[in-house]
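For reference, query-v5.cif (mmCIF, C-alpha atoms and all ligand atoms):
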data_coords
loop_
_atom_site.label_atom_id
_atom_site.label_comp_id
_atom_site.auth_asym_id
_atom_site.auth_seq_id
_atom_site.Cartn_x
_atom_site.Cartn_y
_atom_site.Cartn_z
CA MET U 1 -3.35 80.84 248.97
CA THR U 2 -0.06 80.22 247.29
CA SER U 3 3.16 79.45 249.05
CA LEU U 4 6.58 79.54 247.52
CA ARG U 5 9.96 78.16 248.40
CA SER U 6 13.15 79.48 246.89
CA GLY U 7 16.88 79.03 246.69
CA ALA U 8 19.72 80.85 244.99
CA ALA U 9 23.37 80.62 244.16
CA THR U 10 25.88 82.80 242.36
CA ASP U 11 29.55 82.47 241.47
CA THR U 12 32.24 84.61 239.87
CA GLY U 13 33.30 81.71 237.66
CA GLN U 14 36.82 80.80 236.62
CA VAL U 15 37.73 83.71 234.38
CA ARG U 16 36.28 86.93 235.72
CA SER U 17 37.87 88.83 238.55
CA ASN U 18 34.63 90.02 240.08
CA ASN U 19 30.99 89.05 240.16
CA GLN U 20 28.79 91.60 238.38
CA ASP U 21 25.63 89.53 238.79
CA ALA U 22 23.12 90.21 241.53
CA VAL U 23 20.18 88.18 242.73
CA LEU U 24 17.09 89.25 244.63
CA ILE U 25 14.96 87.03 246.82
CA ALA U 26 12.29 89.23 248.38
CA GLU U 27 9.03 87.33 248.21
CA PRO U 28 6.83 87.99 246.31
CA VAL U 29 9.57 89.30 243.98
CA PHE U 30 12.57 87.36 242.67
CA ALA U 31 15.16 88.65 240.23
CA VAL U 32 18.49 88.15 238.54
CA ALA U 33 20.56 91.06 237.18
CA ASP U 34 23.76 90.81 235.17
CA GLY U 35 25.73 94.03 235.19
CA MET U 36 28.24 95.35 232.70
CA GLY U 37 30.65 98.25 232.61
CA GLY U 38 34.26 98.98 233.40
CA HIS U 39 35.89 98.32 236.78
CA ALA U 40 33.24 98.09 239.47
CA ALA U 41 30.51 99.69 237.39
CA GLY U 42 28.83 96.46 236.37
CA GLU U 43 28.55 95.34 239.96
CA ILE U 44 27.04 98.66 240.92
CA ALA U 45 24.56 98.62 238.04
CA SER U 46 23.14 95.21 238.92
CA GLN U 47 23.09 96.03 242.63
CA VAL U 48 21.31 99.36 242.10
CA ALA U 49 18.74 97.62 239.91
CA VAL U 50 17.82 94.89 242.39
CA GLU U 51 17.79 97.30 245.32
CA SER U 52 15.43 99.59 243.46
CA LEU U 53 13.23 96.64 242.59
CA GLN U 54 13.19 95.49 246.20
CA GLU U 55 11.86 98.86 247.29
CA SER U 56 8.93 98.79 244.88
CA GLU U 57 5.56 97.48 245.88
CA VAL U 58 4.48 94.89 243.36
CA THR U 59 0.86 93.79 243.23
CA SER U 60 0.21 93.41 239.51
CA LEU U 61 1.81 93.03 236.13
CA ASP U 62 1.66 96.77 235.57
CA SER U 63 3.28 97.56 238.89
CA LEU U 64 6.13 95.13 238.21
CA VAL U 65 6.73 96.70 234.79
CA GLU U 66 6.69 100.11 236.46
CA ALA U 67 9.15 98.85 239.09
CA VAL U 68 11.56 97.77 236.36
CA ARG U 69 11.25 101.16 234.68
CA GLU U 70 11.99 102.77 238.03
CA ALA U 71 15.02 100.49 238.44
CA ASN U 72 16.16 101.62 235.00
CA ARG U 73 15.86 105.25 236.03
CA SER U 74 17.94 104.53 239.14
CA VAL U 75 20.75 102.92 237.15
CA TRP U 76 20.58 105.63 234.48
CA GLN U 77 20.68 108.38 237.08
CA ARG U 78 23.62 106.83 238.88
CA ALA U 79 25.51 106.41 235.59
CA SER U 80 24.77 110.01 234.62
CA ASP U 81 25.88 111.40 237.97
CA ASP U 82 29.22 109.63 238.16
CA PRO U 83 31.70 109.86 235.26
CA GLU U 84 33.35 106.67 236.52
CA LEU U 85 30.11 104.84 235.94
CA HIS U 86 29.27 106.16 232.49
CA GLY U 87 28.14 103.43 230.17
CA MET U 88 27.27 100.94 232.86
CA GLY U 89 24.17 98.87 232.42
CA THR U 90 22.52 95.71 233.57
CA THR U 91 20.08 93.07 232.50
CA LEU U 92 17.14 92.37 234.76
CA CYS U 93 14.70 89.51 234.73
CA ALA U 94 12.17 89.08 237.50
CA ILE U 95 9.08 87.23 238.55
CA ALA U 96 6.48 88.20 241.13
CA LEU U 97 3.53 86.44 242.66
CA VAL U 98 0.41 88.60 242.28
CA PRO U 99 -3.26 88.12 243.13
CA GLY U 100 -5.30 86.80 240.22
CA GLU U 101 -7.93 88.85 238.49
CA ALA U 102 -11.46 88.95 239.86
CA GLY U 103 -10.79 86.61 242.74
CA GLY U 104 -9.05 84.04 240.55
CA GLY U 105 -6.02 82.15 241.75
CA ASP U 106 -2.71 83.86 242.24
CA GLN U 107 -0.61 84.28 239.14
CA VAL U 108 3.00 84.94 238.36
CA VAL U 109 4.12 87.91 236.33
CA VAL U 110 7.40 87.74 234.45
CA VAL U 111 9.40 90.69 233.17
CA ASN U 112 12.61 90.92 231.22
CA VAL U 113 15.13 93.36 229.83
CA GLY U 114 18.38 91.95 228.41
CA ASP U 115 19.57 88.38 228.11
CA SER U 116 19.10 86.90 231.54
CA ARG U 117 16.33 84.34 231.37
CA VAL U 118 13.25 83.03 233.12
CA TYR U 119 12.25 79.41 232.57
CA GLN U 120 9.27 77.48 233.88
CA LEU U 121 9.33 73.77 234.69
CA HIS U 122 5.78 72.46 234.43
CA ASP U 123 4.98 68.74 234.41
CA GLY U 124 8.67 68.08 233.93
CA GLU U 125 8.83 70.21 230.79
CA LEU U 126 11.20 73.16 230.76
CA THR U 127 10.04 76.21 228.80
CA GLN U 128 11.93 79.43 228.31
CA LEU U 129 9.48 82.24 229.06
CA THR U 130 11.59 85.25 228.17
CA ASP U 131 13.14 86.41 224.90
CA ASP U 132 16.74 87.57 224.93
CA HIS U 133 17.41 91.13 223.85
CA SER U 134 20.66 90.41 222.09
CA LEU U 135 21.96 90.88 218.58
CA VAL U 136 22.32 87.14 217.95
CA GLU U 137 18.84 86.37 219.25
CA ASP U 138 17.45 88.98 216.86
CA LEU U 139 19.25 87.15 214.07
CA VAL U 140 17.87 83.80 215.28
CA ARG U 141 14.35 85.21 215.38
CA GLU U 142 14.79 86.49 211.85
CA GLY U 143 15.92 83.06 210.75
CA ARG U 144 19.38 84.23 209.77
CA LEU U 145 21.26 82.29 212.43
CA SER U 146 20.58 78.89 213.95
CA PRO U 147 20.39 78.59 217.75
CA GLN U 148 23.57 76.48 217.56
CA GLU U 149 25.38 79.22 215.66
CA ALA U 150 24.13 81.78 218.15
CA ARG U 151 25.76 79.97 221.08
CA THR U 152 29.23 80.42 219.60
CA HIS U 153 28.73 83.67 217.69
CA PRO U 154 31.55 86.15 218.39
CA GLN U 155 29.02 88.94 218.90
CA ARG U 156 26.71 87.09 221.26
CA ASN U 157 27.84 89.50 223.97
CA ILE U 158 26.17 92.50 222.37
CA LEU U 159 22.85 93.36 223.92
CA THR U 160 20.14 95.34 222.21
CA ARG U 161 18.33 96.37 225.40
CA VAL U 162 19.56 96.89 228.95
CA LEU U 163 18.77 98.92 232.03
CA GLY U 164 20.78 102.12 232.46
CA ASN U 165 21.37 103.03 228.85
CA ASP U 166 18.57 105.54 228.57
CA SER U 167 16.10 107.39 230.76
CA ASP U 168 13.38 104.91 229.90
CA VAL U 169 13.30 101.32 228.75
CA GLU U 170 10.84 98.99 227.09
CA VAL U 171 9.99 96.06 229.35
CA ASP U 172 8.71 92.70 228.11
CA SER U 173 6.10 91.17 230.40
CA TRP U 174 4.06 88.00 230.68
CA LEU U 175 1.29 86.75 232.91
CA VAL U 176 1.61 83.07 233.80
CA ASP U 177 -0.94 80.73 235.37
CA LEU U 178 0.26 78.76 238.33
CA HIS U 179 0.08 75.13 239.30
CA ARG U 180 1.26 73.39 242.39
CA GLY U 181 4.63 71.83 241.66
CA ASP U 182 5.64 74.42 239.09
CA ARG U 183 9.22 75.53 239.37
CA PHE U 184 10.63 78.81 238.05
CA LEU U 185 14.27 79.29 237.14
CA LEU U 186 15.87 82.71 236.80
CA CYS U 187 19.45 82.80 235.59
CA SER U 188 22.17 84.89 234.02
CA ASP U 189 23.75 83.93 230.70
CA GLY U 190 26.65 82.41 232.60
CA LEU U 191 24.39 79.39 233.15
CA PHE U 192 22.85 78.73 229.75
CA ASN U 193 26.01 79.52 227.80
CA GLU U 194 27.75 76.70 229.71
CA VAL U 195 24.95 74.23 230.39
CA ASP U 196 22.39 73.26 227.78
CA ASP U 197 18.65 73.29 228.41
CA ASP U 198 18.31 69.50 228.62
CA LYS U 199 20.93 69.31 231.34
CA ILE U 200 19.32 72.23 233.18
CA ALA U 201 15.95 70.49 233.00
CA SER U 202 17.31 67.23 234.32
CA VAL U 203 18.85 68.94 237.34
CA LEU U 204 15.59 70.79 238.03
CA ARG U 205 13.65 67.50 237.82
CA ARG U 206 16.12 65.59 240.00
CA LEU U 207 16.77 67.92 242.94
CA ALA U 208 13.65 68.71 244.91
CA ASP U 209 15.18 71.31 247.19
CA PRO U 210 15.36 74.66 245.36
CA ASP U 211 18.59 75.67 247.03
CA ASP U 212 20.24 72.35 246.14
CA ALA U 213 19.09 72.76 242.55
CA ALA U 214 20.41 76.33 242.35
CA HIS U 215 23.81 75.33 243.72
CA GLU U 216 24.06 72.29 241.47
CA LEU U 217 23.35 74.38 238.37
CA VAL U 218 25.95 76.97 239.32
CA THR U 219 28.50 74.24 240.04
CA LEU U 220 27.87 72.65 236.64
CA ALA U 221 28.34 75.99 234.87
CA VAL U 222 31.60 76.63 236.71
CA GLN U 223 32.86 73.12 235.95
CA ALA U 224 31.95 73.51 232.29
CA GLY U 225 34.33 76.44 232.02
CA GLY U 226 32.87 79.17 234.17
CA ARG U 227 33.75 81.79 231.58
CA ASP U 228 31.26 84.24 233.03
CA ASN U 229 29.62 85.04 236.30
CA VAL U 230 26.76 82.65 236.88
CA SER U 231 23.64 83.23 238.96
CA VAL U 232 20.60 81.09 239.54
CA VAL U 233 17.36 81.58 241.45
CA VAL U 234 14.92 78.68 241.78
CA VAL U 235 11.35 79.34 242.96
CA ASP U 236 8.95 76.48 243.73
CA VAL U 237 5.18 76.66 243.95
CA VAL U 238 4.76 74.34 246.93
CA ASP U 239 1.12 75.09 247.50
CA HIS U 240 -1.48 76.64 245.29
CA ASP U 241 -5.20 76.49 245.03
CA GLY U 242 -7.67 78.45 243.00
CA PRO U 243 -8.84 78.26 239.42
CA GLY U 244 -5.32 77.93 238.05
CA ALA U 245 -4.51 74.90 240.18
CA GLY U 246 -4.24 71.75 238.15
CA ALA U 247 -5.17 73.38 234.87
CA ALA U 248 -3.43 72.08 231.81
CA THR U 249 -1.80 75.04 230.17
CA ALA U 250 0.89 77.10 231.66
CA VAL U 251 2.16 80.00 229.73
CA ALA U 252 1.04 83.03 227.88
CA GLY U 253 3.06 82.86 224.70
CA ALA U 254 3.78 86.40 223.74
CA PRO U 255 4.82 89.39 225.75
CA THR U 256 1.90 91.54 226.76
CA ALA U 257 2.46 95.22 226.93
CA THR U 258 -0.68 95.91 228.84
CA ALA U 259 -2.78 93.71 231.02
CA ASP U 260 -5.89 95.75 231.76
CA ARG U 261 -5.82 94.78 235.33
CA ALA U 262 -7.62 96.87 237.88
CA ALA U 263 -5.39 98.12 240.64
CA ASP U 264 -5.78 95.17 242.87
CA THR U 265 -6.00 95.78 246.54
CA ALA U 266 -6.40 92.18 247.53
CA SER U 267 -4.09 91.14 250.29
CA MET U 268 -0.66 90.01 249.27
CA PRO U 269 1.73 87.69 250.97
CA ALA U 270 3.82 89.74 253.36
CA VAL U 271 6.91 91.18 251.79
CA GLU U 272 9.80 89.58 253.54
CA PRO U 273 13.37 90.67 253.33
CA SER U 274 15.83 88.50 251.45
CA GLU U 275 15.70 85.03 252.84
CA GLY U 276 17.13 82.12 250.97
CA THR U 277 16.85 78.65 252.39
CA GLY U 278 20.58 78.23 252.67
CA GLY U 279 24.00 79.57 251.89
CA GLY U 280 23.15 81.00 248.53
CA GLY U 281 20.11 82.99 249.52
CA GLY U 282 19.76 86.68 249.93
CA GLY U 283 20.92 89.51 247.79
CA ALA U 284 24.60 89.08 248.51
CA PRO U 285 26.68 87.06 246.11
CA ALA U 286 27.78 83.79 247.59
CA ARG U 287 30.46 81.53 246.27
CA ALA U 288 29.46 78.07 245.32
CA GLY U 289 32.89 76.56 245.79
CA ALA U 290 34.92 77.05 242.66
CA ALA U 291 35.35 73.69 241.08
CA PRO U 292 38.43 72.62 239.16
CA ALA U 293 38.33 73.02 235.44
CA SER U 294 37.02 69.90 233.84
CA ALA U 295 37.67 70.22 230.17
CA ARG U 296 34.41 69.35 228.54
CA ALA U 297 34.38 69.01 224.83
CA THR U 298 32.86 72.15 223.46
CA ALA U 299 32.94 74.04 220.23
CA GLU U 300 33.19 77.34 222.01
CA PRO U 301 36.31 79.46 221.97
CA ALA U 302 38.26 79.33 225.20
CA ALA U 303 37.37 82.75 226.48
CA SER U 304 34.09 84.43 225.96
CA PRO U 305 34.29 88.20 225.77
CA ARG U 306 32.87 90.23 228.59
CA ARG U 307 29.49 91.48 227.65
CA VAL U 308 29.21 95.07 226.69
CA THR U 309 26.61 97.50 225.52
CA TRP U 310 27.08 99.83 222.60
CA ARG U 311 27.33 102.59 225.08
CA SER U 312 30.08 101.17 227.22
CA VAL U 313 32.06 100.20 224.16
CA LEU U 314 31.86 103.78 223.00
CA PHE U 315 33.04 104.94 226.36
CA VAL U 316 35.88 102.53 226.78
CA THR U 317 37.79 102.85 223.52
CA GLY U 318 37.80 105.80 221.21
CA VAL U 319 38.94 103.98 218.09
CA VAL U 320 36.47 101.20 218.48
CA ALA U 321 33.94 103.85 219.29
CA VAL U 322 34.42 105.58 215.98
CA LEU U 323 34.24 102.33 214.04
CA MET U 324 31.30 101.03 215.94
CA GLY U 325 29.65 104.41 215.90
CA ALA U 326 29.92 104.42 212.14
CA ALA U 327 28.65 100.86 211.98
CA GLY U 328 25.84 101.80 214.30
CA ALA U 329 24.95 104.80 212.17
CA VAL U 330 24.92 102.66 209.06
CA ALA U 331 22.83 100.05 210.85
CA TRP U 332 20.45 102.71 212.01
CA TYR U 333 20.21 104.22 208.57
CA ALA U 334 19.85 100.81 206.96
CA ARG U 335 16.96 99.91 209.22
CA SER U 336 15.39 103.33 209.64
CA THR U 337 12.78 102.83 206.99
CA TYR U 338 10.17 100.34 205.90
CA HIS U 339 9.21 99.20 202.49
CA VAL U 340 6.48 97.15 200.95
CA GLY U 341 8.01 94.27 199.02
CA VAL U 342 7.67 90.57 198.40
CA ARG U 343 8.47 87.53 200.49
CA ASP U 344 7.57 84.08 199.19
CA ASP U 345 5.27 85.54 196.53
CA GLN U 346 3.27 87.35 199.19
CA VAL U 347 3.23 91.10 199.68
CA ALA U 348 5.06 91.88 202.91
CA ILE U 349 6.13 94.85 204.97
CA LEU U 350 9.90 94.77 205.37
CA ARG U 351 12.09 96.76 207.65
CA GLY U 352 15.16 98.24 205.98
CA ARG U 353 16.12 99.51 202.56
CA PRO U 354 14.87 97.67 199.49
CA GLY U 355 17.64 95.30 198.46
CA GLY U 356 19.49 95.92 201.70
CA LEU U 357 22.40 98.20 202.47
CA LEU U 358 25.95 96.91 202.90
CA TRP U 359 25.69 93.87 205.14
CA ILE U 360 22.26 94.70 206.49
CA GLN U 361 19.43 92.94 204.74
CA PRO U 362 15.78 93.94 205.14
CA THR U 363 13.85 91.88 207.66
CA LEU U 364 10.22 90.88 207.73
CA ALA U 365 8.18 93.31 209.79
CA GLU U 366 4.70 92.06 208.89
CA SER U 367 3.35 89.57 206.42
CA THR U 368 0.06 90.18 204.62
CA ASP U 369 -2.65 88.04 203.05
CA LEU U 370 -2.14 89.72 199.71
CA SER U 371 -0.34 87.59 197.12
CA LEU U 372 1.79 89.20 194.45
CA ASP U 373 -0.59 87.88 191.79
CA ASP U 374 -3.42 89.88 193.32
CA VAL U 375 -1.51 93.13 193.16
CA PRO U 376 -3.00 95.36 190.43
CA ASP U 377 -0.87 95.18 187.27
CA GLY U 378 0.05 98.84 187.29
CA ARG U 379 1.53 98.62 190.77
CA ARG U 380 3.26 95.27 190.70
CA ASP U 381 6.56 96.72 189.51
CA ALA U 382 6.68 99.19 192.36
CA VAL U 383 6.12 96.41 194.85
CA LEU U 384 8.75 94.21 193.20
CA ARG U 385 11.24 97.05 193.39
CA GLY U 386 10.23 97.74 196.98
CA LYS U 387 7.99 100.70 197.79
CA LYS U 388 9.76 102.77 200.45
CA GLU U 389 7.65 104.16 203.28
CA PRO U 390 8.84 106.31 206.17
CA SER U 391 7.07 104.32 208.88
CA LEU U 392 5.33 101.06 209.62
CA ALA U 393 1.98 102.87 209.66
CA ALA U 394 2.64 104.36 206.23
CA ALA U 395 3.63 100.93 204.92
CA ARG U 396 0.39 99.48 206.28
CA ASP U 397 -1.57 102.26 204.56
CA TYR U 398 0.16 101.43 201.32
CA VAL U 399 -0.68 97.73 201.67
CA GLU U 400 -4.25 98.69 202.46
CA SER U 401 -4.44 100.78 199.29
CA LEU U 402 -3.15 97.77 197.33
CA GLU U 403 -5.76 95.56 198.95
CA ASP U 404 -8.52 98.08 198.24
CA GLN U 405 -7.53 98.36 194.62
CA ALA U 406 -7.19 94.59 194.27
CA GLU U 407 -10.63 94.19 195.84
CA ALA U 408 -12.11 96.84 193.54
CA GLU U 409 -10.70 95.08 190.47
CA ARG U 410 -11.97 91.75 191.73
CA ARG U 411 -15.41 93.22 192.16
CA ARG U 412 -15.33 94.81 188.72
CA THR U 413 -14.47 91.42 187.23
CA THR U 414 -17.29 89.82 189.15
CA THR U 415 -19.71 92.51 188.09
CA THR U 416 -18.78 92.07 184.46
CA THR U 417 -19.39 88.36 184.73
CA THR U 418 -22.70 88.94 186.41
CA THR U 419 -23.73 91.46 183.79
CA THR U 420 -22.80 89.06 181.03
CA SER U 421 -24.66 86.20 182.61
CA THR U 422 -27.78 88.25 183.20
CA THR U 423 -27.91 89.25 179.55
CA ILE U 424 -27.69 85.66 178.37
CA PRO U 425 -31.15 84.34 179.27
CA LEU U 426 -33.45 84.59 176.35
CA ARG U 427 -36.54 84.21 178.42
CA PRO U 428 -38.09 87.39 179.72
CA PRO U 429 -37.51 88.01 183.38
CA ALA U 430 -39.86 86.19 185.69
CA PRO U 431 -42.79 88.23 186.91
CA PRO U 432 -42.43 89.57 190.41
CA PRO U 433 -43.56 87.09 193.02
CA PRO U 434 -47.09 87.54 194.36
CA ARG U 435 -47.22 89.58 197.49
MN MN E 1 26.76 87.39 232.13
#

So, in terms of structure tokens, how does the structure I just supplied come out?
Amino acid sequence: MTSLRSGAATDTGQVRSNNQDAVLIAEPVFAVADGMGGHAAGEIASQVAVESLQESEVTSLDSLVEAVREANRSVWQRASDDPELHGMGTTLCAIALVPGEAGGGDQVVVVNVGDSRVYQLHDGELTQLTDDHSLVEDLVREGRLSPQEARTHPQRNILTRVLGNDSDVEVDSWLVDLHRGDRFLLCSDGLFNEVDDDKIASVLRRLADPDDAAHELVTLAVQAGGRDNVSVVVVDVVDHDGPGAGAATAVAGAPTATADRAADTASMPAVEPSEGTGGGGGGAPARAGAAPASARATAEPAASPRRVTWRSVLFVTGVVAVLMGAAGAVAWYARSTYHVGVRDDQVAILRGRPGGLLWIQPTLAESTDLSLDDVPDGRRDAVLRGKKEPSLAAARDYVESLEDQAEAERRRTTTTTTTTSTTIPLRPPAPPPPR
């Protein structure tokens, strides 16, 4: 049996005129959504998403992923139906308590689309569980931007994945083991763009009550500038027993697309309607008392641009649309192919055009164990120039053919050696052993 306690807070901040974030506290499901779009559209997008999620029955990782896809369809449908809402979208990150596999202890599933985040505080250590789907985070992952540069990058508002942009969406998901005392934090970017992870961790360690912690974090973000809406949900594991209890490790590292979990009919904690343990709880935004601006030294520009998706940008301004459309087309073209090339003297599969195109350089899609030296002589030039392939699978096939040929040549060399060595002995071969 696992019991949870939760708290939440959200605030418009000091710059925005409305709050486009939405939070959901509907045990066993908790979520934060950060909407975007002109006028009221962003508010509607995030609200539609959390309402859709609230209506879904979540008993497993797969069902939570499916619930997010359903939420995406709801936002997409609403945006398609209403011209005023075209281009709206929303991030959505969520966690849900689910029964463990095969009678094991309860577990938490985590899902994410966009750049809201889920963190876990375990033994006082704060770990970010989700990956942001933003342009700058892509660049950080590719090693082309430092995390520090990302925080102030002028294009940090561009998301690469949101709900509502298409009829379907890819959902990242994780399965996390639970321990009594664990604390989960869900937040919109309005928190972590204003308050660094160390400060967030210290607040989460210091304030035992989840609602106090949520309100304190929101207050800090508003005081630090409050350039965006900020929303925080804190979920505590106050009781937990079962195999996961007290175990040492906490987190599955990489997103899992599938979980192979049987449809679990084990009893779940009753689904309760939104119930925070204080002023900030529930699905409705609540103000956390706007604090006066306290100018904190920061390298960031004064105003951070409202976040947009490619789609809403296209909708909002025609000129920008054409420019960005062209840029997008170039980016698509530049990255629409793979090639087999070289990284650090190893053969590698790279995404993009050999040598890059305009400002878009190829990025590493997959490394291989094959070193350039092992590549057969006749094919080394092609690899050095970059062998274009239409797909990742085709590139893998090409690498495989290189490996096969390299292996064949290695074997031929070995065979030659063996042949030579077997001809050297002057003695006649030994007689066959007695049977
Ligand atoms: Mn935001």

Quote the spacing between atom CA of U:Leu402 and atom CA of U:Pro390 in Å to one decimal place.
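Atom-to-atom, atom CA of U:Leu402 to atom CA of U:Pro390, that is 17.2 Å.
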
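Closest to ligand MN 1 (chain E) among U:Ile44, U:Ala9, U:Ala49, U:Leu191 is U:Leu191, based on only C-alpha atoms and all ligand atoms.
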
Quick one, how far is atom CA of U:Ser188 from atom CA of U:Val232?
6.9 Å

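Considering the residues U:Tyr119, U:Phe192, U:Trp76, U:Phe30 and counting all atoms listed in the file, ligand MN 1 (chain E) has its shortest atom-to-atom contact with U:Phe192.
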
Give the residue list for ligand MN 1 (chain E) at 8 Å, counting all atoms listed in the file, as a ChimeraX atom specification, sorted by chain and then by residue number.
/U:20-21,34-35,116,188-190,228-230,306-307

Just C-alpha atoms for this one: save the residues we selected as a PDB file, keeping the file's coordinate frame.
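So the final result, stored in out_14.pdb, reads:
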ATOM      1  CA  GLN U  20      28.790  91.600 238.380  1.00  0.00           C
ATOM      2  CA  ASP U  21      25.630  89.530 238.790  1.00  0.00           C
ATOM      3  CA  ASP U  34      23.760  90.810 235.170  1.00  0.00           C
ATOM      4  CA  GLY U  35      25.730  94.030 235.190  1.00  0.00           C
ATOM      5  CA  SER U 116      19.100  86.900 231.540  1.00  0.00           C
ATOM      6  CA  SER U 188      22.170  84.890 234.020  1.00  0.00           C
ATOM      7  CA  ASP U 189      23.750  83.930 230.700  1.00  0.00           C
ATOM      8  CA  GLY U 190      26.650  82.410 232.600  1.00  0.00           C
ATOM      9  CA  ASP U 228      31.260  84.240 233.030  1.00  0.00           C
ATOM     10  CA  ASN U 229      29.620  85.040 236.300  1.00  0.00           C
ATOM     11  CA  VAL U 230      26.760  82.650 236.880  1.00  0.00           C
ATOM     12  CA  ARG U 306      32.870  90.230 228.590  1.00  0.00           C
ATOM     13  CA  ARG U 307      29.490  91.480 227.650  1.00  0.00           C
TER      14      ARG U 307
END

So, counting all atoms listed in the file, which residue among U:Gly225, U:Pro147, U:Gly181, U:Gly164 is closest to U:Gly124?
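Using all atoms listed in the file, the shortest distance to U:Gly124 belongs to U:Gly181.
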
Name the residues in contact with U:Val58 at a cut-off of 8 Å, using all atoms listed in the file, excluding same-chain residues fewer than 2 positions from it; report them as a PDB file with C-alpha atoms, keeping the file's coordinate frame.
ATOM      1  CA  PRO U  28       6.830  87.990 246.310  1.00  0.00           C
ATOM      2  CA  VAL U  29       9.570  89.300 243.980  1.00  0.00           C
ATOM      3  CA  SER U  56       8.930  98.790 244.880  1.00  0.00           C
ATOM      4  CA  SER U  60       0.210  93.410 239.510  1.00  0.00           C
ATOM      5  CA  LEU U  61       1.810  93.030 236.130  1.00  0.00           C
ATOM      6  CA  SER U  63       3.280  97.560 238.890  1.00  0.00           C
ATOM      7  CA  LEU U  64       6.130  95.130 238.210  1.00  0.00           C
ATOM      8  CA  ALA U  67       9.150  98.850 239.090  1.00  0.00           C
ATOM      9  CA  ALA U  96       6.480  88.200 241.130  1.00  0.00           C
ATOM     10  CA  VAL U  98       0.410  88.600 242.280  1.00  0.00           C
TER      11      VAL U  98
END

For U:Asp172, which residue among U:Ala94, U:Val235, U:Leu207, U:Leu145 is the nearest when counting only C-alpha atoms?
U:Ala94

For a test of reading the model, state the distance in Å between atom CA of U:Glu149 and atom CA of U:Thr337, rounded to one decimal.
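Atom-to-atom, atom CA of U:Glu149 to atom CA of U:Thr337, that is 28.1 Å.
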
Could you check which of U:Arg161, U:Arg16, U:Arg156, U:Arg144 is closest to U:Ile360, using all atoms listed in the file?
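Using all atoms listed in the file, the shortest distance to U:Ile360 belongs to U:Arg144.
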
For U:Ser46, which of U:Thr12, U:Arg151, U:Leu163, U:Val65 is the closest residue, counting all atoms listed in the file?
U:Leu163

Write out as an MDAnalysis selection string which residues come within 12 Å of stretch 396-398 of chain U when counting all atoms listed in the file, dropping same-chain ones fewer than 2 positions away.
chainID U and resid 338:341 347:350 365:368 375 379 382:383 386:394 400:405

Write out as a CSV table (one decimal) with C-alpha atoms, in the coordinates of the input each polymer residue whose atoms come within 7 Å of U:Arg5, counting all atoms listed in the file; drop sequence neighbours fewer than 2 positions from it.
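Saved the output as result.csv:
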chain,number,residue,atom,x,y,z
U,3,SER,CA,3.2,79.4,249.0
U,235,VAL,CA,11.4,79.3,243.0
U,236,ASP,CA,9.0,76.5,243.7
U,237,VAL,CA,5.2,76.7,244.0
U,238,VAL,CA,4.8,74.3,246.9

Fewer than 6 positions away in the same chain doesn't count, so skip those; otherwise give me all residues within 7 Å of stretch 323-335 of chain U, counting only C-alpha atoms, as a list in words.
Arg351, Gly352, Arg353, Leu357 and Ile360 of chain U

Student task, stretch 364-373 of chain U output with N, CA and C atoms as a PDB file, in the first residue's frame:
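Output below, filename result_19.pdb:
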ATOM      1  N   LEU U 364      25.382  13.251 -34.688  1.00  0.00           N
ATOM      2  CA  LEU U 364      25.621  11.824 -34.496  1.00  0.00           C
ATOM      3  C   LEU U 364      24.305  11.099 -34.245  1.00  0.00           C
ATOM      4  N   ALA U 365      23.994  10.133 -35.105  1.00  0.00           N
ATOM      5  CA  ALA U 365      22.790   9.340 -34.879  1.00  0.00           C
ATOM      6  C   ALA U 365      23.148   8.059 -34.141  1.00  0.00           C
ATOM      7  N   GLU U 366      24.217   7.402 -34.572  1.00  0.00           N
ATOM      8  CA  GLU U 366      24.661   6.175 -33.927  1.00  0.00           C
ATOM      9  C   GLU U 366      26.169   6.029 -34.102  1.00  0.00           C
ATOM     10  N   SER U 367      26.840   5.649 -33.063  1.00  0.00           N
ATOM     11  CA  SER U 367      28.260   5.341 -33.230  1.00  0.00           C
ATOM     12  C   SER U 367      28.383   3.844 -33.518  1.00  0.00           C
ATOM     13  N   THR U 368      29.541   3.431 -34.028  1.00  0.00           N
ATOM     14  CA  THR U 368      29.747   2.016 -34.312  1.00  0.00           C
ATOM     15  C   THR U 368      31.074   1.584 -33.711  1.00  0.00           C
ATOM     16  N   ASP U 369      31.325   0.295 -33.687  1.00  0.00           N
ATOM     17  CA  ASP U 369      32.584  -0.225 -33.162  1.00  0.00           C
ATOM     18  C   ASP U 369      33.667  -0.285 -34.225  1.00  0.00           C
ATOM     19  N   LEU U 370      33.304   0.123 -35.434  1.00  0.00           N
ATOM     20  CA  LEU U 370      34.227  -0.015 -36.550  1.00  0.00           C
ATOM     21  C   LEU U 370      35.128   1.225 -36.630  1.00  0.00           C
ATOM     22  N   SER U 371      36.446   1.012 -36.558  1.00  0.00           N
ATOM     23  CA  SER U 371      37.327   2.181 -36.677  1.00  0.00           C
ATOM     24  C   SER U 371      37.630   2.414 -38.148  1.00  0.00           C
ATOM     25  N   LEU U 372      38.015   3.651 -38.458  1.00  0.00           N
ATOM     26  CA  LEU U 372      38.276   4.000 -39.843  1.00  0.00           C
ATOM     27  C   LEU U 372      39.383   3.122 -40.427  1.00  0.00           C
ATOM     28  N   ASP U 373      40.367   2.779 -39.584  1.00  0.00           N
ATOM     29  CA  ASP U 373      41.473   1.932 -40.039  1.00  0.00           C
ATOM     30  C   ASP U 373      40.999   0.565 -40.538  1.00  0.00           C
TER      31      ASP U 373
END
